[in-house]
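Please read the structure below before turning to the comments.
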Amino acid sequence: MSHRLADSLEKPQLDNRTYRVIELPNKLEVLLIHDPETDKASAAMDVNVGSFSDSDDLPGMAHAVEHLLFMGTEKFPGENDYNQYLQKFGGYSNAFTASCDTNYYFELSATSTSNSQATLNGASTPVHKSQAPLYGALDRFAQFFVKPLFLEDTLDRELRAVDSENKKNLQSDNWRLHQLNKSLANKKHPFNKFSTGNYKVLHDDPLERGVAIRDAFIGFYNKHYSANRMKLAVLGQEDLDTLETWVTEFFSEVPNQDLPQLRWDDIPAYSKNELATQIFAKPVMEMRDLDIYFVYPDEEELWETHPARYISHLIGHEGPGSILAYLKAKGWANGLGAGPFPICPGGALFSISIKLTKDGLTHYKEVVKVMFQYIAMIKEQPPQEWIVEEMKQLAEVDFRFRQKIPASRTTSSLSGVMQKPYPRDKLLSAQSLIWRFDPKAITRGLDHLTPENFRLTVVAQDFPGDWDQKEKWYGTEYKYESIPQDLMEEIKSAYQQPKSQRPAELHLPGRNEFIPKNLEVEQKKVEKPSLTPKLVRNDSRVRTWWKKDDQFWAPKANINVVLRSAVVQVSAMNAVMTQMFKNLVEDSLTEYAYDAELAGLEYGISNHASGLDIVVSGYNDKMHVLLEKVLVSMRDLEVKDERFEIVKERMLRGMRNFDYQQPFHQISTYSRWLVSEKGYINQQLLDELPSITADDIRRFIPQILSQMHIEILAHGNLYREDALRMTDIVESTIHGRNLPSSQWPIRRTLLVPQGANYVYKRTLKDPANVNHCIDYVLFTNLNTDRHTRALLLLFAQMADEPVFDTLRSKEQLGYVVSSSPVTLPTVSGWRILIQSERTPEYLEKRIDIFLVKFGDTIRDMNQADFESFKIALINKRLEKLKNLNQETSRFWHHITSEVFDFELVYRDVEHVEKLTKDDMIAFFETYISPESDKRARAAVHLLAQTSPEELAEKTDPAEKVTKVNQALDQLLTQLNITSNRAVLEKRVAGLSGADLNAKGIAAALSGHLVEDAKTSAEEVEKIMAQVAPVLEQALPQLGVSAGTAKDDGTATPSSDVLPRRKEATVVEDVRLFKAGLAVTEGALPVRDIRELEDREAKL
């Protein structure tokens, strides 16, 4: 029998879910969530073990176990049975490994039947549990924690997935600098460890030591995975009793070892040896950061008072009197963040991170001293109760009106929260609310912010320039030393200065005038929420759309404004100046808008092809005040030379850094650019920015604001007159002339013709990046073609899991593998994106072969499975909106697209319901199949500078032979294949340079097995089928060509036949390429928008 720990939870006012917390007989704790309105079900398991528990000689072990756990269980031995089941119901899964936790979660449709109106109009019958998607998912999910198989034949593939994940992060400054901080931490604390792992430390090194790798992973699982360390959260539409029954049925079998909860109470992350030190680190990207870390106590038990929040609120404040306001005035900083950094139960750090300007880097010592002067100012007066009262009030308002988030985010988050020492009835509120003022706890926290208790890191590409060490795991160059005595004395002196000697500009913030007072919401019952906003003003100057919220009932609203302009995208120069204008406005508003942000009211400005977007969102009480301030700041902006130079330099760094992002983050820019009638890539903007002056911006601002059309969406807790009042604020503040509709930018797309096959190649700028990337895009239909659009959406649904399972899990082409529909202004398509060390040419071949085989899968699919995919897609399209922001985003997309297709999801469902399997086969054979003469394809290849071929050329022949023999020895050992290693080594050594490739090595191994080891032909065939793909993946990293000298390293496994397809045309000149393409019609409304006019309604 399970034991109840809580029958209800303290929850937000708007939350209609019911909750129960139970403990199963095996001490596994479970949070049950009944959501009567949900169309998604989910579960998440948080296990109290993570990378801090890795053995010292196998870093990344917890992460590897997380990967391997998905690969089959005793009850469900198929390695992708779990994900196939989830895909059947439009679901997905994921997991992550943290320091002290490993979190597994999934989400899928809450029902196995269609949620379409046609289905709902039929007779409703109770569903047996065997037909409830959540029931089957829980059955499969539970087995990970009951009897996972750790399948031998998935071991190497998943370790390569871990390795690929690590390589993806090698050039990421976030990962590099975090690991540098860890590597230079106290070696007795597990924070010092390398947590991701790679193939060398998880495979090669342990094999050399004679470690049975699979046994080691199983041993880790058996040692650390115990029911009493697990917290499960389950969300479904079923009632709590049913959920409890299901959970008891499946999870009571999880073994319990009564393991202690993990804590590290007596080991600080930094010992005395690491304190009073400074690190100078060289980043990959252009950045200038000053990071300060104090050793800080674990405050998890202080959930009622949250003392660190008071400290971070003051140090991280951006308003008048703050550290940031002072540093900005000096021209030394652009941004600042501060707060506690929990490491593990028993210890934490408190971090302050400052974004420095060029001048700020030069004065970094002064910046540190200012920070300590501010800390001293806080300490010299007792903690202020009125500040905590404001924080308490804002936290209560935020919690009271918190809206729902997606199901899997709910369960994943709450299963982690359950590991905290909170009362079970306060799992939702403990991290949010402040119950009381505790000045002593705040003072104790402040006592840790002293010159004796911190470490300093300065991150910059060109300072100091004399880095003399490299971090072991990521290769970050750094210099590490004690803080010089004279600097430490200066810091202590600044910290101890009397008030009279400190800058008067440093002081506590004033009271927050943006705290909302009017939180009333008038609820009006409606049969069903309105699908469209109403057009309450429509003339040559303004279009105002409005919808009074009729389903979420929060005292919140969103105001979206587009100032439609004909000049912002006329040239790359204008596009850059528009962006500069937007950045200068945001820079000028930093201090003013910070209080609003604290009070749950935010703004944003963005520039795009049609003009400038302004968004104000949050509690509607003071919304008009912030909107007017933003508009006045735009209209009356004073371009100050010193701020212009700082903002310009920040923009230059941002644009230069774009080329050092992960390739998969860059590639979509180029894919869209190829088929965009107007638009600019990063390099074109970067070419213009250096020559722009402050005077250019002063002259340009009137051009933007002198003529425009205004379009507004007012959505939320607003009446019609509120929407019109907001419109008046915009219109009266921005005085420009009307922009006639004939001059509005036209939204349309260049048309890749049927039968075309283009490829655009571009070399990546980061010399240290080893990953290529391909965006393989197939264009299928105009957006007005609803039938083909429905087929596209269904095909994408069907292909999603097989793409991942084949190209990532089985073929291990790379860690980043995805497929998805592509939607452009007037055209749609489908894409596969892969980031990999393999060449794009090889990736193309593997994609083509996959598509041919998937075509056979579609043709062989039975009708029941085809209908299941339709139901999954229908339910996905009809997924309920979770909050006001989601509905606003949907409305704004339809408005700015100028199609006004507000009922698009329902039109999609109508067309999906009519689709047949024959329709899908015809769609595939026309638009997707590599052998189609009508397929329209435009691929982008991003090429790493360091290629496998270049590496092969640089590798000594003797070294290649040695590495190949070592790799073969490890591979055969792993596969338990007996052979005479010395004889095999002679065969490999006998290969000439041209034959030392995958084909030649495979032939040598095959010959050895047949002739020397006398292995049967049938057995050899099985062995070679296992060996061939592993060789092709491994050889380029050894400096050996994966293929023959002729095939440029992109050989195809002999078992696969390349499909016939049209040879690709390489795009050499993008301008000429675009000039040769036809242009679609502009985006056209699906209806006369005058039908949506409503000039009378109040609600």
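Residue numbering restarts at 1 in every chain; chains get A, B, ... in the order shown in the structure tokens, and ligands count up from 1 in that same order.
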If you run DSSP on this backbone, which residues of stretch 396-532 of chain A come out as strand (DSSP E or B), and could you give them as an NGL selection string? :A and (454-460 or 469-470 or 477-482)
Just N, CA and C atoms for this one: save the residues we selected as a PDB file, in the first residue's frame.
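File produced: part.pdb:
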```pdb
ATOM      1  N   PHE A 454      36.681  35.376  -2.005  1.00  0.00           N
ATOM      2  CA  PHE A 454      36.235  35.402  -3.392  1.00  0.00           C
ATOM      3  C   PHE A 454      37.354  35.026  -4.354  1.00  0.00           C
ATOM      4  N   ARG A 455      36.923  34.704  -5.569  1.00  0.00           N
ATOM      5  CA  ARG A 455      37.847  34.462  -6.668  1.00  0.00           C
ATOM      6  C   ARG A 455      37.387  35.272  -7.865  1.00  0.00           C
ATOM      7  N   LEU A 456      38.332  35.724  -8.662  1.00  0.00           N
ATOM      8  CA  LEU A 456      38.074  36.664  -9.751  1.00  0.00           C
ATOM      9  C   LEU A 456      38.455  36.020 -11.082  1.00  0.00           C
ATOM     10  N   THR A 457      37.602  36.166 -12.094  1.00  0.00           N
ATOM     11  CA  THR A 457      37.923  35.701 -13.452  1.00  0.00           C
ATOM     12  C   THR A 457      37.710  36.838 -14.431  1.00  0.00           C
ATOM     13  N   VAL A 458      38.699  37.098 -15.270  1.00  0.00           N
ATOM     14  CA  VAL A 458      38.596  38.094 -16.335  1.00  0.00           C
ATOM     15  C   VAL A 458      38.669  37.343 -17.668  1.00  0.00           C
ATOM     16  N   VAL A 459      37.645  37.523 -18.497  1.00  0.00           N
ATOM     17  CA  VAL A 459      37.562  36.818 -19.779  1.00  0.00           C
ATOM     18  C   VAL A 459      37.673  37.829 -20.907  1.00  0.00           C
ATOM     19  N   ALA A 460      38.676  37.680 -21.740  1.00  0.00           N
ATOM     20  CA  ALA A 460      38.863  38.587 -22.884  1.00  0.00           C
ATOM     21  C   ALA A 460      39.827  37.957 -23.874  1.00  0.00           C
ATOM     22  N   GLN A 469      48.731  28.560 -19.685  1.00  0.00           N
ATOM     23  CA  GLN A 469      48.270  27.194 -19.437  1.00  0.00           C
ATOM     24  C   GLN A 469      47.063  26.881 -20.314  1.00  0.00           C
ATOM     25  N   LYS A 470      46.761  25.579 -20.462  1.00  0.00           N
ATOM     26  CA  LYS A 470      45.583  25.140 -21.195  1.00  0.00           C
ATOM     27  C   LYS A 470      44.770  24.194 -20.324  1.00  0.00           C
ATOM     28  N   GLU A 477      42.772  28.481 -23.065  1.00  0.00           N
ATOM     29  CA  GLU A 477      44.014  29.108 -22.616  1.00  0.00           C
ATOM     30  C   GLU A 477      43.710  30.009 -21.414  1.00  0.00           C
ATOM     31  N   TYR A 478      44.577  29.951 -20.410  1.00  0.00           N
ATOM     32  CA  TYR A 478      44.332  30.766 -19.219  1.00  0.00           C
ATOM     33  C   TYR A 478      45.633  31.035 -18.471  1.00  0.00           C
ATOM     34  N   LYS A 479      45.526  31.980 -17.581  1.00  0.00           N
ATOM     35  CA  LYS A 479      46.605  32.301 -16.633  1.00  0.00           C
ATOM     36  C   LYS A 479      45.974  32.314 -15.255  1.00  0.00           C
ATOM     37  N   TYR A 480      46.654  31.702 -14.279  1.00  0.00           N
ATOM     38  CA  TYR A 480      46.071  31.534 -12.943  1.00  0.00           C
ATOM     39  C   TYR A 480      47.111  31.937 -11.911  1.00  0.00           C
ATOM     40  N   GLU A 481      46.704  32.825 -11.003  1.00  0.00           N
ATOM     41  CA  GLU A 481      47.671  33.326 -10.028  1.00  0.00           C
ATOM     42  C   GLU A 481      46.933  33.892  -8.817  1.00  0.00           C
ATOM     43  N   SER A 482      47.689  34.115  -7.773  1.00  0.00           N
ATOM     44  CA  SER A 482      47.126  34.811  -6.611  1.00  0.00           C
ATOM     45  C   SER A 482      46.892  36.273  -6.973  1.00  0.00           C
TER      46      SER A 482
END
```
Near-A:Gly50 list (7 Å; only C-alpha atoms; drop same-chain fewer than 5 positions) as an NGL selection string: :A and (62 or 97-102)
Which of stretch 82-119 of chain A end up as helix (DSSP H, G or I) when DSSP is run on this backbone - answer as a list in words? Tyr82, Asn83, Gln84, Tyr85, Leu86, Gln87, Lys88, Gln117, Ala118 and Thr119 of chain A
Quick one: contact table of stretch 591-698 of chain A to stretch 765-768 of chain A, 12 Å max, nearest atom pair and distance in Å to one decimal per residue, counting only C-alpha atoms, chain and number order, as JSON lines?
```
{"residue": "A:Arg656", "atom": "CA", "partner": "A:Lys765", "partner_atom": "CA", "distance": 9.9}
{"residue": "A:Asn657", "atom": "CA", "partner": "A:Asp766", "partner_atom": "CA", "distance": 9.8}
{"residue": "A:Phe658", "atom": "CA", "partner": "A:Lys765", "partner_atom": "CA", "distance": 9.8}
{"residue": "A:Asp659", "atom": "CA", "partner": "A:Lys765", "partner_atom": "CA", "distance": 6.0}
{"residue": "A:Tyr660", "atom": "CA", "partner": "A:Asp766", "partner_atom": "CA", "distance": 5.6}
{"residue": "A:Gln661", "atom": "CA", "partner": "A:Asp766", "partner_atom": "CA", "distance": 8.6}
{"residue": "A:Gln662", "atom": "CA", "partner": "A:Asp766", "partner_atom": "CA", "distance": 9.5}
{"residue": "A:Pro663", "atom": "CA", "partner": "A:Asp766", "partner_atom": "CA", "distance": 9.6}
{"residue": "A:Gln666", "atom": "CA", "partner": "A:Lys765", "partner_atom": "CA", "distance": 11.3}
{"residue": "A:Gln683", "atom": "CA", "partner": "A:Lys765", "partner_atom": "CA", "distance": 11.4}
```
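Among the candidate residues A:Lys282, A:Lys193, A:Arg157, A:Lys147, the one lying nearest to A:Phe250 is A:Lys147, with distances computed using only C-alpha atoms.
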Close residues, A:Lys223 itself excluded, 12 Å, only C-alpha atoms, min 3 positions apart in chain, as a count of residues only: 20
For a quick check of understanding, using only C-alpha atoms, which of A:Ile1023, A:Met634, A:Cys344, A:Leu28 has the smallest distance to A:Arg698? A:Met634
What are the nearest atom pairs, with distances in Å to one decimal, for all residues of stretch 339-401 of chain A that come at most 12 Å from stretch 502-524 of chain A, using only C-alpha atoms, set out by chain and rising residue number as JSON lines?
```
{"residue": "A:Lys369", "atom": "CA", "partner": "A:Arg502", "partner_atom": "CA", "distance": 10.4}
{"residue": "A:Val370", "atom": "CA", "partner": "A:Pro503", "partner_atom": "CA", "distance": 8.6}
{"residue": "A:Met371", "atom": "CA", "partner": "A:Leu506", "partner_atom": "CA", "distance": 9.9}
{"residue": "A:Phe372", "atom": "CA", "partner": "A:Arg502", "partner_atom": "CA", "distance": 10.4}
{"residue": "A:Gln373", "atom": "CA", "partner": "A:Arg502", "partner_atom": "CA", "distance": 6.7}
{"residue": "A:Tyr374", "atom": "CA", "partner": "A:Leu506", "partner_atom": "CA", "distance": 6.4}
{"residue": "A:Ile375", "atom": "CA", "partner": "A:Leu506", "partner_atom": "CA", "distance": 10.0}
{"residue": "A:Ala376", "atom": "CA", "partner": "A:Arg502", "partner_atom": "CA", "distance": 9.6}
{"residue": "A:Met377", "atom": "CA", "partner": "A:His507", "partner_atom": "CA", "distance": 7.3}
{"residue": "A:Ile378", "atom": "CA", "partner": "A:Leu508", "partner_atom": "CA", "distance": 7.6}
{"residue": "A:Lys379", "atom": "CA", "partner": "A:Leu508", "partner_atom": "CA", "distance": 11.3}
{"residue": "A:Glu380", "atom": "CA", "partner": "A:His507", "partner_atom": "CA", "distance": 11.5}
{"residue": "A:Gln381", "atom": "CA", "partner": "A:Leu508", "partner_atom": "CA", "distance": 10.4}
{"residue": "A:Pro383", "atom": "CA", "partner": "A:Leu508", "partner_atom": "CA", "distance": 11.0}
{"residue": "A:Gln384", "atom": "CA", "partner": "A:Leu508", "partner_atom": "CA", "distance": 9.7}
{"residue": "A:Trp386", "atom": "CA", "partner": "A:Arg511", "partner_atom": "CA", "distance": 8.7}
{"residue": "A:Ile387", "atom": "CA", "partner": "A:Arg511", "partner_atom": "CA", "distance": 8.0}
{"residue": "A:Val388", "atom": "CA", "partner": "A:Arg511", "partner_atom": "CA", "distance": 11.4}
{"residue": "A:Glu389", "atom": "CA", "partner": "A:Arg511", "partner_atom": "CA", "distance": 10.8}
{"residue": "A:Glu390", "atom": "CA", "partner": "A:Asn512", "partner_atom": "CA", "distance": 7.8}
{"residue": "A:Met391", "atom": "CA", "partner": "A:Asn512", "partner_atom": "CA", "distance": 10.0}
{"residue": "A:Lys392", "atom": "CA", "partner": "A:Ile515", "partner_atom": "CA", "distance": 11.4}
{"residue": "A:Gln393", "atom": "CA", "partner": "A:Ile515", "partner_atom": "CA", "distance": 8.5}
{"residue": "A:Leu394", "atom": "CA", "partner": "A:Ile515", "partner_atom": "CA", "distance": 7.1}
{"residue": "A:Ala395", "atom": "CA", "partner": "A:Ile515", "partner_atom": "CA", "distance": 10.9}
{"residue": "A:Glu396", "atom": "CA", "partner": "A:Ile515", "partner_atom": "CA", "distance": 11.5}
{"residue": "A:Val397", "atom": "CA", "partner": "A:Pro516", "partner_atom": "CA", "distance": 8.6}
{"residue": "A:Asp398", "atom": "CA", "partner": "A:Pro516", "partner_atom": "CA", "distance": 10.6}
{"residue": "A:Arg400", "atom": "CA", "partner": "A:Leu519", "partner_atom": "CA", "distance": 10.5}
{"residue": "A:Phe401", "atom": "CA", "partner": "A:Leu519", "partner_atom": "CA", "distance": 9.5}
```
